[in-house]
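K.L.:
So I've got this file, my_file17.tsv, and it contains TSV, N, CA and C atoms:
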```
chain	number	residue	atom	x	y	z
A	54	MET	N	-2.16	-8.87	15.68
A	54	MET	CA	-2.01	-7.80	14.73
A	54	MET	C	-2.83	-8.14	13.49
A	55	ALA	N	-3.58	-7.18	13.03
A	55	ALA	CA	-4.38	-7.36	11.83
A	55	ALA	C	-3.69	-6.67	10.66
A	56	ASN	N	-3.80	-7.28	9.51
A	56	ASN	CA	-3.28	-6.66	8.29
A	56	ASN	C	-4.44	-6.08	7.52
A	57	ALA	N	-4.23	-4.93	6.96
A	57	ALA	CA	-5.27	-4.27	6.18
A	57	ALA	C	-4.84	-4.20	4.73
A	58	SER	N	-5.82	-4.18	3.86
A	58	SER	CA	-5.56	-4.03	2.43
A	58	SER	C	-6.47	-2.97	1.86
A	59	ILE	N	-5.96	-2.25	0.90
A	59	ILE	CA	-6.76	-1.29	0.15
A	59	ILE	C	-6.77	-1.79	-1.28
A	60	TRP	N	-7.95	-1.97	-1.82
A	60	TRP	CA	-8.10	-2.42	-3.21
A	60	TRP	C	-8.48	-1.23	-4.07
A	61	ALA	N	-7.76	-1.04	-5.14
A	61	ALA	CA	-8.03	0.06	-6.08
A	61	ALA	C	-8.06	-0.51	-7.48
A	62	SER	N	-8.72	0.18	-8.38
A	62	SER	CA	-8.71	-0.29	-9.77
A	62	SER	C	-7.28	-0.18	-10.29
A	63	PRO	N	-6.90	-1.03	-11.22
A	63	PRO	CA	-5.53	-0.97	-11.75
A	63	PRO	C	-5.12	0.42	-12.24
A	64	SER	N	-6.07	1.17	-12.76
A	64	SER	CA	-5.73	2.50	-13.29
A	64	SER	C	-5.53	3.54	-12.18
A	65	THR	N	-5.99	3.27	-10.97
A	65	THR	CA	-5.85	4.25	-9.89
A	65	THR	C	-4.93	3.78	-8.76
A	66	THR	N	-4.35	2.60	-8.87
A	66	THR	CA	-3.50	2.08	-7.80
A	66	THR	C	-2.32	3.00	-7.52
A	67	ARG	N	-1.62	3.43	-8.55
A	67	ARG	CA	-0.45	4.31	-8.37
A	67	ARG	C	-0.87	5.64	-7.75
A	68	ALA	N	-1.98	6.20	-8.20
A	68	ALA	CA	-2.47	7.46	-7.63
A	68	ALA	C	-2.83	7.29	-6.16
A	69	ALA	N	-3.42	6.15	-5.80
A	69	ALA	CA	-3.75	5.88	-4.40
A	69	ALA	C	-2.49	5.80	-3.56
A	70	GLU	N	-1.46	5.12	-4.05
A	70	GLU	CA	-0.19	5.03	-3.34
A	70	GLU	C	0.41	6.42	-3.13
A	71	GLU	N	0.42	7.22	-4.18
A	71	GLU	CA	0.99	8.57	-4.08
A	71	GLU	C	0.24	9.43	-3.07
A	72	ARG	N	-1.08	9.33	-3.05
A	72	ARG	CA	-1.88	10.11	-2.10
A	72	ARG	C	-1.61	9.66	-0.67
A	73	LEU	N	-1.51	8.36	-0.46
A	73	LEU	CA	-1.21	7.85	0.88
A	73	LEU	C	0.16	8.32	1.35
A	74	LEU	N	1.14	8.36	0.46
A	74	LEU	CA	2.47	8.85	0.82
A	74	LEU	C	2.40	10.33	1.20
A	75	GLU	N	1.58	11.10	0.50
A	75	GLU	CA	1.40	12.52	0.84
A	75	GLU	C	0.78	12.68	2.22
A	76	LEU	N	-0.03	11.71	2.62
A	76	LEU	CA	-0.72	11.77	3.92
A	76	LEU	C	0.13	11.27	5.07
A	77	GLY	N	1.35	10.80	4.79
A	77	GLY	CA	2.26	10.44	5.87
A	77	GLY	C	2.65	8.98	5.99
A	78	VAL	N	2.15	8.11	5.13
A	78	VAL	CA	2.62	6.73	5.19
A	78	VAL	C	4.00	6.65	4.56
A	79	THR	N	4.71	5.57	4.82
A	79	THR	CA	6.03	5.37	4.23
A	79	THR	C	6.03	4.06	3.44
A	80	LYS	N	6.96	3.97	2.50
A	80	LYS	CA	7.09	2.79	1.66
A	80	LYS	C	8.45	2.15	1.95
A	81	PRO	N	8.45	0.97	2.59
A	81	PRO	CA	9.72	0.33	2.88
A	81	PRO	C	10.41	-0.14	1.60
A	82	ALA	N	11.72	-0.24	1.67
A	82	ALA	CA	12.50	-0.66	0.49
A	82	ALA	C	12.16	-2.09	0.08
A	83	PHE	N	11.95	-2.99	1.06
A	83	PHE	CA	11.64	-4.38	0.75
A	83	PHE	C	10.16	-4.50	0.41
A	84	GLN	N	9.87	-4.97	-0.79
A	84	GLN	CA	8.50	-5.13	-1.28
A	84	GLN	C	8.26	-6.59	-1.63
A	85	PRO	N	7.78	-7.41	-0.69
A	85	PRO	CA	7.62	-8.84	-0.94
A	85	PRO	C	6.49	-9.19	-1.91
A	86	GLY	N	5.57	-8.25	-2.16
A	86	GLY	CA	4.42	-8.55	-3.00
A	86	GLY	C	4.70	-8.53	-4.48
A	87	GLY	N	5.82	-7.96	-4.89
A	87	GLY	CA	6.13	-7.86	-6.31
A	87	GLY	C	5.05	-7.11	-7.05
A	88	ALA	N	4.58	-7.67	-8.14
A	88	ALA	CA	3.54	-7.03	-8.94
A	88	ALA	C	2.16	-7.16	-8.31
A	89	TYR	N	2.05	-7.97	-7.26
A	89	TYR	CA	0.75	-8.23	-6.62
A	89	TYR	C	0.23	-7.03	-5.84
A	90	GLY	N	1.13	-6.29	-5.20
A	90	GLY	CA	0.71	-5.16	-4.40
A	90	GLY	C	1.90	-4.46	-3.79
A	91	THR	N	1.63	-3.32	-3.17
A	91	THR	CA	2.67	-2.53	-2.54
A	91	THR	C	2.44	-2.51	-1.04
A	92	VAL	N	3.49	-2.79	-0.28
A	92	VAL	CA	3.43	-2.72	1.18
A	92	VAL	C	3.76	-1.30	1.60
A	93	LEU	N	2.94	-0.75	2.48
A	93	LEU	CA	3.16	0.57	3.04
A	93	LEU	C	3.08	0.47	4.56
A	94	LEU	N	3.60	1.48	5.24
A	94	LEU	CA	3.55	1.54	6.70
A	94	LEU	C	2.81	2.80	7.12
A	95	ASP	N	1.83	2.63	8.02
A	95	ASP	CA	1.15	3.82	8.52
A	95	ASP	C	2.08	4.55	9.49
A	96	PRO	N	1.73	5.75	9.95
A	96	PRO	CA	2.63	6.52	10.81
A	96	PRO	C	3.05	5.79	12.10
A	97	SER	N	2.26	4.83	12.55
A	97	SER	CA	2.64	4.08	13.76
A	97	SER	C	3.44	2.82	13.44
A	98	GLY	N	3.72	2.59	12.14
A	98	GLY	CA	4.55	1.45	11.73
A	98	GLY	C	3.79	0.18	11.37
A	99	GLN	N	2.47	0.24	11.37
A	99	GLN	CA	1.66	-0.93	11.02
A	99	GLN	C	1.63	-1.10	9.50
A	100	ARG	N	1.82	-2.33	9.05
A	100	ARG	CA	1.85	-2.62	7.62
A	100	ARG	C	0.44	-2.71	7.04
A	101	PHE	N	0.31	-2.28	5.81
A	101	PHE	CA	-0.89	-2.53	5.02
A	101	PHE	C	-0.50	-2.54	3.56
A	102	CYS	N	-1.38	-3.03	2.73
A	102	CYS	CA	-1.06	-3.19	1.30
A	102	CYS	C	-2.06	-2.45	0.44
A	103	VAL	N	-1.57	-2.00	-0.69
A	103	VAL	CA	-2.42	-1.44	-1.74
A	103	VAL	C	-2.33	-2.41	-2.91
A	104	HIS	N	-3.50	-2.91	-3.34
A	104	HIS	CA	-3.57	-3.89	-4.41
A	104	HIS	C	-4.42	-3.35	-5.55
A	105	GLY	N	-4.09	-3.78	-6.76
A	105	GLY	CA	-4.98	-3.54	-7.88
A	105	GLY	C	-6.13	-4.52	-7.82
A	106	ALA	N	-7.32	-4.09	-8.16
A	106	ALA	CA	-8.49	-4.97	-8.12
A	106	ALA	C	-8.26	-6.18	-9.02
A	107	ARG	N	-8.73	-7.30	-8.58
A	107	ARG	CA	-8.57	-8.54	-9.34
A	107	ARG	C	-9.57	-8.64	-10.45
```
In C-alpha coordinates, how does this file's structure come out?
P.N.:
Amino acid sequence: MANASIWASPSTTRAAEERLLELGVTKPAFQPGGAYGTVLLDPSGQRFCVHGAR
(Lines of atoms letter the chains of each structure in order from A and count residues from 1; the text may use other names and numbers.)
(Lines give C-alpha, C1' and ligand atoms only; values in the text may rest on other atoms or scores of the structure.)
Protein backbone atom coordinates (compact mmCIF):
# COMPACT_ATOMS: atom_id res chain seq x y z
CA MET A 1 0.00 0.00 0.00
CA ALA A 2 1.33 3.41 -0.93
CA ASN A 3 0.62 6.56 1.03
CA ALA A 4 0.03 9.78 -0.82
CA SER A 5 0.49 13.33 0.33
CA ILE A 6 -0.80 16.61 -0.99
CA TRP A 7 1.31 19.65 -0.18
CA ALA A 8 -0.39 23.04 -0.15
CA SER A 9 0.76 26.46 0.94
CA PRO A 10 -0.17 27.19 4.56
CA SER A 11 -2.71 29.77 3.39
CA THR A 12 -4.53 27.28 1.13
CA THR A 13 -4.33 24.06 3.17
CA ARG A 14 -7.77 24.49 4.76
CA ALA A 15 -9.35 25.38 1.41
CA ALA A 16 -7.76 22.27 -0.15
CA GLU A 17 -9.17 20.08 2.64
CA GLU A 18 -12.64 21.59 2.21
CA ARG A 19 -12.57 21.06 -1.57
CA LEU A 20 -11.49 17.44 -1.17
CA LEU A 21 -14.34 16.84 1.29
CA GLU A 22 -16.77 18.30 -1.27
CA LEU A 23 -15.39 15.82 -3.82
CA GLY A 24 -16.20 12.83 -1.62
CA VAL A 25 -13.25 12.15 0.67
CA THR A 26 -13.89 11.67 4.38
CA LYS A 27 -12.02 12.89 7.44
CA PRO A 28 -11.60 10.28 10.18
CA ALA A 29 -12.01 11.39 13.79
CA PHE A 30 -8.51 10.18 14.74
CA GLN A 31 -5.89 12.61 13.42
CA PRO A 32 -2.39 11.33 14.32
CA GLY A 33 -0.59 14.14 12.48
CA GLY A 34 -1.67 16.92 14.83
CA ALA A 35 -0.57 20.27 13.44
CA TYR A 36 1.65 18.52 10.87
CA GLY A 37 -1.14 17.50 8.52
CA THR A 38 -4.64 16.14 8.10
CA VAL A 39 -5.39 12.51 7.31
CA LEU A 40 -8.20 11.96 4.82
CA LEU A 41 -9.70 8.84 3.22
CA ASP A 42 -10.49 8.57 -0.46
CA PRO A 43 -13.83 6.97 -1.46
CA SER A 44 -12.22 3.50 -1.49
CA GLY A 45 -10.84 3.99 2.05
CA GLN A 46 -7.19 4.63 1.16
CA ARG A 47 -5.46 7.11 3.45
CA PHE A 48 -3.67 10.23 2.28
CA CYS A 49 -2.54 13.44 3.94
CA VAL A 50 -2.82 17.13 3.26
CA HIS A 51 0.17 19.06 4.55
CA GLY A 52 1.13 22.71 4.65
CA ALA A 53 4.28 23.39 2.64
CA ARG A 54 7.41 23.36 4.74
K.L.:
Which residue is closest to A:Leu74? Choose from A:Ala61, A:Ala88, A:Cys102, A:Leu93 and count only C-alpha atoms.
P.N.:
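Under the stated criterion, the closest residue is A:Leu93.
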K.L.:
Find the distance between atom C of A:Glu75 and atom C of A:Asp95 and write it in Å to one decimal.
P.N.:
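About the pair atom C of A:Glu75 and atom C of A:Asp95: they are 11.0 Å apart.
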K.L.:
Between atom CA of A:Ala57 and atom N of A:Arg100, what is the spacing in Å?
P.N.:
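Distance between the two atoms: 7.9 Å.
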K.L.:
Using only C-alpha atoms, pick whichever of A:Gly98, A:Gly77, A:Thr91, A:Gly86 has the shortest atom-to-atom distance to A:Ile59.
P.N.:
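With only C-alpha atoms as the atom set, the closest residue is A:Thr91.
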K.L.:
Please return, as an NGL selection string, all residues of chain A that DSSP assigns to strand (DSSP E or B) on the basis of the backbone.
P.N.:
:A and (57-61 or 79 or 90-94 or 100-105)
K.L.:
Which residues come within 9 Å of A:Val92, counting only C-alpha atoms, excluding same-chain residues fewer than 5 positions away, as a list in words?
P.N.:
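Near neighbours after the sequence-gap exclusion: Lys80, Pro81, Phe83, Gln84, Pro85, Gly86, Arg100, Phe101, Cys102 and Val103 of chain A.
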K.L.:
Just to confirm, what's the straight-line distance from atom N of A:Thr79 to atom C of A:Arg67 in Å (one decimal)?
P.N.:
13.8 Å
K.L.:
Excluding A:Ser62 and any residue of its chain fewer than 2 positions from it, enumerate the residues within 8 Å of it, using only C-alpha atoms, and give them as number ranges by chain.
P.N.:
A: 60, 64-66, 105-106
K.L.:
Where does DSSP see helix (DSSP H, G or I) in chain A, if you list the residues as a list in words?
P.N.:
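For chain A, the helix (DSSP H, G or I) set is Thr66, Arg67, Ala68, Ala69, Glu70, Glu71, Arg72, Leu73, Leu74, Glu75, Gly87, Ala88 and Tyr89 of chain A.
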K.L.:
Using only C-alpha atoms, pick whichever of A:Ala68, A:Gly90, A:Ala82, A:Leu76 has the shortest atom-to-atom distance to A:His104.
P.N.:
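Smallest separation from A:His104 among the options: A:Gly90.
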